[in-house]
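Dumped structure_10.pdb below, it's PDB, C-alpha atoms, pLDDT in the B column:
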ATOM      1  CA  MET A 947      29.097 132.507 161.340  1.00 57.00           C
ATOM      2  CA  ARG A 948      29.206 130.764 164.661  1.00 70.00           C
ATOM      3  CA  GLU A 949      27.958 131.377 168.187  1.00 73.00           C
ATOM      4  CA  GLY A 950      25.478 134.055 167.086  1.00 79.00           C
ATOM      5  CA  LEU A 951      28.076 136.247 165.392  1.00 83.00           C
ATOM      6  CA  LEU A 952      26.655 138.140 162.427  1.00 89.00           C
ATOM      7  CA  MET A 953      28.806 138.878 159.377  1.00 89.00           C
ATOM      8  CA  THR A 954      29.413 142.597 158.984  1.00 93.00           C
ATOM      9  CA  THR A 955      30.846 144.646 156.152  1.00 95.00           C
ATOM     10  CA  GLU A 956      33.953 145.237 158.293  1.00 95.00           C
ATOM     11  CA  MET A 957      34.498 141.482 158.613  1.00 95.00           C
ATOM     12  CA  GLN A 958      34.050 140.945 154.905  1.00 95.00           C
ATOM     13  CA  LEU A 959      36.494 143.742 154.083  1.00 96.00           C
ATOM     14  CA  LEU A 960      39.199 142.590 156.514  1.00 97.00           C
ATOM     15  CA  ILE A 961      38.988 138.988 155.349  1.00 97.00           C
ATOM     16  CA  ALA A 962      38.906 139.903 151.661  1.00 97.00           C
ATOM     17  CA  SER A 963      41.740 142.412 151.992  1.00 97.00           C
ATOM     18  CA  ALA A 964      44.057 139.771 153.486  1.00 97.00           C
ATOM     19  CA  ALA A 965      43.307 137.377 150.630  1.00 97.00           C
ATOM     20  CA  VAL A 966      43.726 140.047 147.960  1.00 96.00           C
ATOM     21  CA  LYS A 967      46.964 141.395 149.402  1.00 96.00           C
ATOM     22  CA  ILE A 968      48.790 138.064 149.408  1.00 95.00           C
ATOM     23  CA  THR A 969      47.518 136.975 145.990  1.00 94.00           C
ATOM     24  CA  PHE A 970      47.769 140.358 144.259  1.00 95.00           C
ATOM     25  CA  GLY A 971      50.895 139.551 142.226  1.00 93.00           C
ATOM     26  CA  LEU A 972      49.884 136.033 141.219  1.00 90.00           C
ATOM     27  CA  ARG A 973      48.566 135.028 137.842  1.00 86.00           C
ATOM     28  CA  ASP A 974      46.684 132.151 139.507  1.00 81.00           C
ATOM     29  CA  TYR A 975      45.182 134.230 142.300  1.00 86.00           C
ATOM     30  CA  LYS A 976      41.904 132.409 142.877  1.00 89.00           C
ATOM     31  CA  LEU A 977      41.697 130.078 145.845  1.00 92.00           C
ATOM     32  CA  GLY A 978      39.175 127.803 144.152  1.00 90.00           C
ATOM     33  CA  LEU A 979      39.775 124.877 146.502  1.00 92.00           C
ATOM     34  CA  PHE A 980      38.250 126.951 149.314  1.00 95.00           C
ATOM     35  CA  HIS A 981      34.491 127.351 149.417  1.00 96.00           C
ATOM     36  CA  THR A 982      33.708 128.207 153.039  1.00 95.00           C
ATOM     37  CA  ILE A 983      34.924 130.802 155.532  1.00 95.00           C
ATOM     38  CA  VAL A 984      33.719 130.418 159.106  1.00 95.00           C
ATOM     39  CA  VAL A 985      34.107 133.180 161.692  1.00 96.00           C
ATOM     40  CA  TYR A 986      33.821 132.620 165.433  1.00 95.00           C
ATOM     41  CA  PRO A 987      33.651 135.528 167.890  1.00 96.00           C
ATOM     42  CA  LYS A 988      36.895 134.423 169.577  1.00 95.00           C
ATOM     43  CA  GLU A 989      39.171 131.405 169.977  1.00 96.00           C
ATOM     44  CA  PHE A 990      37.271 128.209 169.171  1.00 95.00           C
ATOM     45  CA  TYR A 991      37.499 124.457 169.595  1.00 95.00           C
ATOM     46  CA  SER A 992      38.217 122.658 166.333  1.00 93.00           C
ATOM     47  CA  ARG A 993      36.541 119.304 165.841  1.00 90.00           C
ATOM     48  CA  VAL A 994      39.079 118.648 163.054  1.00 87.00           C
ATOM     49  CA  SER A 995      42.286 119.111 165.041  1.00 89.00           C
ATOM     50  CA  HIS A 996      40.771 118.729 168.543  1.00 93.00           C
ATOM     51  CA  LEU A 997      42.520 121.911 169.711  1.00 94.00           C
ATOM     52  CA  HIS A 998      41.514 125.393 170.795  1.00 96.00           C
ATOM     53  CA  LEU A 999      42.550 127.658 167.919  1.00 97.00           C
ATOM     54  CA  LYS A1000      42.517 131.220 166.629  1.00 97.00           C
ATOM     55  CA  GLY A1001      42.420 130.112 162.994  1.00 97.00           C
ATOM     56  CA  GLU A1002      42.440 126.998 160.875  1.00 97.00           C
ATOM     57  CA  THR A1003      42.701 126.174 157.199  1.00 96.00           C
ATOM     58  CA  ASN A1004      42.093 122.681 155.926  1.00 92.00           C
ATOM     59  CA  ALA A1005      42.238 120.929 152.592  1.00 90.00           C
ATOM     60  CA  SER A1006      38.527 120.183 152.696  1.00 92.00           C
ATOM     61  CA  GLY A1007      38.032 123.805 151.569  1.00 94.00           C
ATOM     62  CA  VAL A1008      37.303 125.549 154.864  1.00 96.00           C
ATOM     63  CA  ILE A1009      39.088 128.536 156.419  1.00 97.00           C
ATOM     64  CA  VAL A1010      38.167 129.432 159.992  1.00 97.00           C
ATOM     65  CA  PHE A1011      38.934 132.644 161.884  1.00 97.00           C
ATOM     66  CA  SER A1012      38.473 133.999 165.370  1.00 97.00           C
ATOM     67  CA  TRP A1013      37.079 137.507 164.765  1.00 97.00           C
ATOM     68  CA  GLU A1014      38.762 138.797 167.910  1.00 97.00           C
ATOM     69  CA  ASP A1015      42.162 137.565 166.707  1.00 97.00           C
ATOM     70  CA  LEU A1016      41.597 138.628 163.114  1.00 97.00           C
ATOM     71  CA  LYS A1017      40.877 142.179 164.298  1.00 96.00           C
ATOM     72  CA  PHE A1018      43.880 142.129 166.620  1.00 96.00           C
ATOM     73  CA  GLY A1019      46.092 141.080 163.702  1.00 94.00           C
ATOM     74  CA  VAL A1020      45.302 144.224 161.749  1.00 94.00           C
ATOM     75  CA  SER A1021      45.341 146.552 164.768  1.00 94.00           C
ATOM     76  CA  ILE A1022      49.165 146.640 164.874  1.00 94.00           C
ATOM     77  CA  PRO A1023      50.297 146.733 161.236  1.00 92.00           C
ATOM     78  CA  ASP A1024      53.992 146.056 161.867  1.00 94.00           C
ATOM     79  CA  ASP A1025      54.106 143.391 164.599  1.00 95.00           C
ATOM     80  CA  SER A1026      54.296 140.486 162.100  1.00 94.00           C
ATOM     81  CA  ILE A1027      51.194 138.856 163.552  1.00 96.00           C
ATOM     82  CA  ASN A1028      48.213 138.811 161.227  1.00 97.00           C
ATOM     83  CA  LEU A1029      45.745 135.937 161.366  1.00 98.00           C
ATOM     84  CA  GLY A1030      44.279 136.839 157.969  1.00 98.00           C
ATOM     85  CA  TYR A1031      47.649 136.610 156.236  1.00 98.00           C
ATOM     86  CA  HIS A1032      48.526 133.489 158.197  1.00 98.00           C
ATOM     87  CA  GLU A1033      45.426 131.466 157.305  1.00 98.00           C
ATOM     88  CA  PHE A1034      45.369 132.634 153.700  1.00 98.00           C
ATOM     89  CA  ALA A1035      49.049 131.655 153.472  1.00 96.00           C
ATOM     90  CA  HIS A1036      47.982 128.117 154.348  1.00 96.00           C
ATOM     91  CA  ALA A1037      45.208 128.336 151.751  1.00 96.00           C
ATOM     92  CA  LEU A1038      47.646 129.593 149.117  1.00 94.00           C
ATOM     93  CA  PHE A1039      50.065 126.818 149.998  1.00 89.00           C
ATOM     94  CA  LEU A1040      47.372 124.121 149.756  1.00 91.00           C
ATOM     95  CA  GLU A1041      45.776 125.583 146.626  1.00 89.00           C
ATOM     96  CA  HIS A1042      48.959 125.600 144.608  1.00 81.00           C
ATOM     97  CA  LEU A1043      50.663 122.514 145.944  1.00 79.00           C
ATOM     98  CA  MET A1044      47.591 120.306 145.576  1.00 78.00           C
ATOM     99  CA  ASN A1045      47.157 121.484 142.003  1.00 76.00           C
ATOM    100  CA  PRO A1046      48.604 118.807 139.697  1.00 69.00           C
ATOM    101  CA  TYR A1047      49.876 121.423 137.240  1.00 73.00           C
ATOM    102  CA  ASN A1048      53.098 123.348 137.607  1.00 70.00           C
ATOM    103  CA  ASN A1049      52.923 127.090 137.948  1.00 76.00           C
ATOM    104  CA  SER A1050      55.240 129.906 138.915  1.00 80.00           C
ATOM    105  CA  PHE A1051      54.216 129.834 142.572  1.00 83.00           C
ATOM    106  CA  LYS A1052      54.874 126.104 142.853  1.00 84.00           C
ATOM    107  CA  ASP A1053      58.260 126.398 141.126  1.00 84.00           C
ATOM    108  CA  HIS A1054      59.375 129.222 143.418  1.00 86.00           C
ATOM    109  CA  TYR A1055      57.967 127.447 146.467  1.00 85.00           C
ATOM    110  CA  ARG A1056      60.072 124.364 145.725  1.00 85.00           C
ATOM    111  CA  GLU A1057      63.191 126.539 145.527  1.00 87.00           C
ATOM    112  CA  TRP A1058      62.169 128.319 148.746  1.00 87.00           C
ATOM    113  CA  LEU A1059      61.599 125.011 150.569  1.00 86.00           C
ATOM    114  CA  VAL A1060      64.943 123.568 149.458  1.00 87.00           C
ATOM    115  CA  PHE A1061      66.646 126.751 150.626  1.00 87.00           C
ATOM    116  CA  ILE A1062      65.098 126.734 154.111  1.00 86.00           C
ATOM    117  CA  LYS A1063      65.811 123.024 154.607  1.00 84.00           C
ATOM    118  CA  ASN A1064      69.372 123.066 153.255  1.00 83.00           C
ATOM    119  CA  ASN A1065      70.270 126.169 155.233  1.00 80.00           C
ATOM    120  CA  SER A1066      68.590 125.295 158.555  1.00 81.00           C
ATOM    121  CA  LYS A1067      66.444 128.423 158.376  1.00 80.00           C
ATOM    122  CA  LEU A1068      63.830 127.093 160.815  1.00 78.00           C
ATOM    123  CA  ARG A1069      66.495 126.831 163.527  1.00 80.00           C
ATOM    124  CA  GLU A1070      68.126 130.129 162.554  1.00 83.00           C
ATOM    125  CA  VAL A1071      64.967 132.206 162.831  1.00 83.00           C
ATOM    126  CA  LYS A1072      64.228 130.642 166.218  1.00 80.00           C
ATOM    127  CA  ARG A1073      67.769 131.168 167.516  1.00 83.00           C
ATOM    128  CA  LYS A1074      67.968 134.771 166.292  1.00 83.00           C
ATOM    129  CA  HIS A1075      64.306 135.595 167.081  1.00 85.00           C
ATOM    130  CA  ILE A1076      63.781 136.877 163.534  1.00 88.00           C
ATOM    131  CA  PHE A1077      60.279 135.351 163.344  1.00 91.00           C
ATOM    132  CA  ARG A1078      58.140 134.272 166.270  1.00 90.00           C
ATOM    133  CA  ASP A1079      58.968 130.810 167.600  1.00 87.00           C
ATOM    134  CA  TYR A1080      55.851 129.257 166.045  1.00 89.00           C
ATOM    135  CA  ALA A1081      57.613 129.499 162.667  1.00 87.00           C
ATOM    136  CA  ALA A1082      59.921 126.645 163.687  1.00 83.00           C
ATOM    137  CA  THR A1083      56.990 124.215 164.085  1.00 86.00           C
ATOM    138  CA  ASN A1084      57.253 122.873 160.515  1.00 86.00           C
ATOM    139  CA  ALA A1085      57.716 124.073 156.931  1.00 86.00           C
ATOM    140  CA  MET A1086      54.030 124.899 156.462  1.00 90.00           C
ATOM    141  CA  GLU A1087      53.910 127.093 159.589  1.00 93.00           C
ATOM    142  CA  PHE A1088      57.265 128.592 158.647  1.00 91.00           C
ATOM    143  CA  PHE A1089      55.761 129.645 155.322  1.00 94.00           C
ATOM    144  CA  ALA A1090      52.692 131.198 156.992  1.00 96.00           C
ATOM    145  CA  VAL A1091      54.746 133.105 159.584  1.00 96.00           C
ATOM    146  CA  ALA A1092      57.231 134.177 156.903  1.00 95.00           C
ATOM    147  CA  LEU A1093      54.335 135.545 154.858  1.00 97.00           C
ATOM    148  CA  GLU A1094      53.087 137.514 157.871  1.00 97.00           C
ATOM    149  CA  ASN A1095      56.584 139.018 158.215  1.00 96.00           C
ATOM    150  CA  PHE A1096      56.812 139.623 154.466  1.00 97.00           C
ATOM    151  CA  PHE A1097      53.833 141.978 154.582  1.00 97.00           C
ATOM    152  CA  GLU A1098      54.046 143.390 158.111  1.00 97.00           C
ATOM    153  CA  SER A1099      57.808 143.922 158.499  1.00 96.00           C
ATOM    154  CA  PRO A1100      59.280 143.560 155.021  1.00 97.00           C
ATOM    155  CA  ASP A1101      62.325 145.779 155.600  1.00 96.00           C
ATOM    156  CA  ASN A1102      63.454 143.771 158.625  1.00 94.00           C
ATOM    157  CA  PHE A1103      62.754 140.479 156.834  1.00 94.00           C
ATOM    158  CA  LYS A1104      64.828 141.606 153.852  1.00 96.00           C
ATOM    159  CA  LYS A1105      67.668 142.793 156.093  1.00 94.00           C
ATOM    160  CA  GLU A1106      67.817 139.644 158.263  1.00 92.00           C
ATOM    161  CA  LEU A1107      67.098 137.004 155.607  1.00 91.00           C
ATOM    162  CA  PRO A1108      67.825 138.582 152.212  1.00 93.00           C
ATOM    163  CA  ARG A1109      67.888 135.370 150.150  1.00 91.00           C
ATOM    164  CA  LEU A1110      64.718 134.046 151.746  1.00 91.00           C
ATOM    165  CA  TYR A1111      63.038 137.425 151.242  1.00 95.00           C
ATOM    166  CA  LEU A1112      64.036 137.416 147.563  1.00 94.00           C
ATOM    167  CA  LEU A1113      62.653 133.902 147.065  1.00 92.00           C
ATOM    168  CA  MET A1114      59.380 134.873 148.728  1.00 93.00           C
ATOM    169  CA  SER A1115      59.232 138.048 146.665  1.00 95.00           C
ATOM    170  CA  GLU A1116      59.636 135.970 143.497  1.00 93.00           C
ATOM    171  CA  MET A1117      57.072 133.409 144.680  1.00 92.00           C
ATOM    172  CA  LEU A1118      54.427 136.074 145.371  1.00 94.00           C
ATOM    173  CA  ASN A1119      55.528 138.393 142.543  1.00 94.00           C
ATOM    174  CA  GLN A1120      55.572 141.303 145.016  1.00 95.00           C
ATOM    175  CA  ASN A1121      58.178 143.359 146.844  1.00 97.00           C
ATOM    176  CA  PRO A1122      56.748 145.357 149.763  1.00 96.00           C
ATOM    177  CA  ALA A1123      60.165 146.353 151.212  1.00 95.00           C
ATOM    178  CA  LYS A1124      61.129 150.012 150.990  1.00 88.00           C
ATOM    179  CA  VAL A1125      64.896 149.382 151.080  1.00 72.00           C
TER     180      VAL A1125
END

As structure tokens, please, write out the structure in this file.
Amino acid sequence: MREGLLMTTEMQLLIASAAVKITFGLRDYKLGLFHTIVVYPKEFYSRVSHLHLKGETNASGVIVFSWEDLKFGVSIPDDSINLGYHEFAHALFLEHLMNPYNNSFKDHYREWLVFIKNNSKLREVKRKHIFRDYAATNAMEFFAVALENFFESPDNFKKELPRLYLLMSEMLNQNPAKV
């Protein structure tokens, strides 16, 4: 905890629920690379990236959240903005891709990555406003924003990007869409 913020049961539940939800269908669900979660009251300055941020996940095993932004992310369940999902998406990405062994997630991720690169999906989602513009930053942010959309607006995601939705569904071994 930072800046005098005390960890509450609500914080623990919101953070844990985001991690559990995105890893629920995975055989390798533990994020063993990550050993520390830091929570600031609101946006914070990162000494790692030298930026003011709402969240950060780094390969040294630390995930950082702004409590204000984490709470906001769950307050509107279908706006496709959820800091918990976003940062745990980065953790999931790093956990599996830094692992020297192949697994189902890694295999499906490779197929997903080839698909988005070969089909200019970063540009398409920006042009059509399917995901928020931040998704077009790079493949890692695209994955995190796509995961937010996967859980918060799965029906729209599936309708607008059916192949990408299917690949993500296979990667996570989940299908939250109702249609």

Proximity to A:Asp1025 - best of A:Asp974, A:Asp1053, A:Glu1098, A:Glu989, only C-alpha atoms: A:Glu1098

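Relative to atom CA of A:Ala1085, atom CA of A:Arg1109 is found at 16.6 Å.
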
Long-range neighbours of A:Tyr1111 as a list in words, 9 Å cut-off, all atoms listed in the file, 6 positions minimum in chain: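 The residues that qualify are Ala1092, Phe1096, Pro1100, Phe1103, Lys1104, Lys1105 and Asn1121 of chain A.
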
Those residues with C-alpha atoms, as a compact mmCIF listing (two decimals), keeping the file's coordinate frame please?
# COMPACT_ATOMS: atom_id res chain seq x y z
CA ALA A 1092 57.23 134.18 156.90
CA PHE A 1096 56.81 139.62 154.47
CA PRO A 1100 59.28 143.56 155.02
CA PHE A 1103 62.75 140.48 156.83
CA LYS A 1104 64.83 141.61 153.85
CA LYS A 1105 67.67 142.79 156.09
CA ASN A 1121 58.18 143.36 146.84

Sel. within 12 Å of pt (39.5, 133.7, 144.3), counting all atoms listed in the file, output as a VMD selection string: chain A and resid 962 to 970 972 to 982 1034 1037 to 1038 1041

Would you compute the distance between atom CA of A:Glu1116 and atom CA of A:Arg1056? Give it in Å to one decimal.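 Interatomic distance here is 11.8 Å.
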
Just want the 10 Å neighbourhood of A:Lys1000, counted on all atoms listed in the file, with same-chain residues fewer than 3 positions away dropped. Output as an MDAnalysis selection string. chainID A and resid 985:992 997 1010:1016 1029 1033

Next, write the just-selected residues to a file, as a PDB file, in the frame of the given file, keeping C-alpha atoms as the atom set.
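again_15.pdb was written with the following content:
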ATOM      1  CA  VAL A 985      34.107 133.180 161.692  1.00 96.00           C
ATOM      2  CA  TYR A 986      33.821 132.620 165.433  1.00 95.00           C
ATOM      3  CA  PRO A 987      33.651 135.528 167.890  1.00 96.00           C
ATOM      4  CA  LYS A 988      36.895 134.423 169.577  1.00 95.00           C
ATOM      5  CA  GLU A 989      39.171 131.405 169.977  1.00 96.00           C
ATOM      6  CA  PHE A 990      37.271 128.209 169.171  1.00 95.00           C
ATOM      7  CA  TYR A 991      37.499 124.457 169.595  1.00 95.00           C
ATOM      8  CA  SER A 992      38.217 122.658 166.333  1.00 93.00           C
ATOM      9  CA  LEU A 997      42.520 121.911 169.711  1.00 94.00           C
ATOM     10  CA  VAL A1010      38.167 129.432 159.992  1.00 97.00           C
ATOM     11  CA  PHE A1011      38.934 132.644 161.884  1.00 97.00           C
ATOM     12  CA  SER A1012      38.473 133.999 165.370  1.00 97.00           C
ATOM     13  CA  TRP A1013      37.079 137.507 164.765  1.00 97.00           C
ATOM     14  CA  GLU A1014      38.762 138.797 167.910  1.00 97.00           C
ATOM     15  CA  ASP A1015      42.162 137.565 166.707  1.00 97.00           C
ATOM     16  CA  LEU A1016      41.597 138.628 163.114  1.00 97.00           C
ATOM     17  CA  LEU A1029      45.745 135.937 161.366  1.00 98.00           C
ATOM     18  CA  GLU A1033      45.426 131.466 157.305  1.00 98.00           C
TER      19      GLU A1033
END
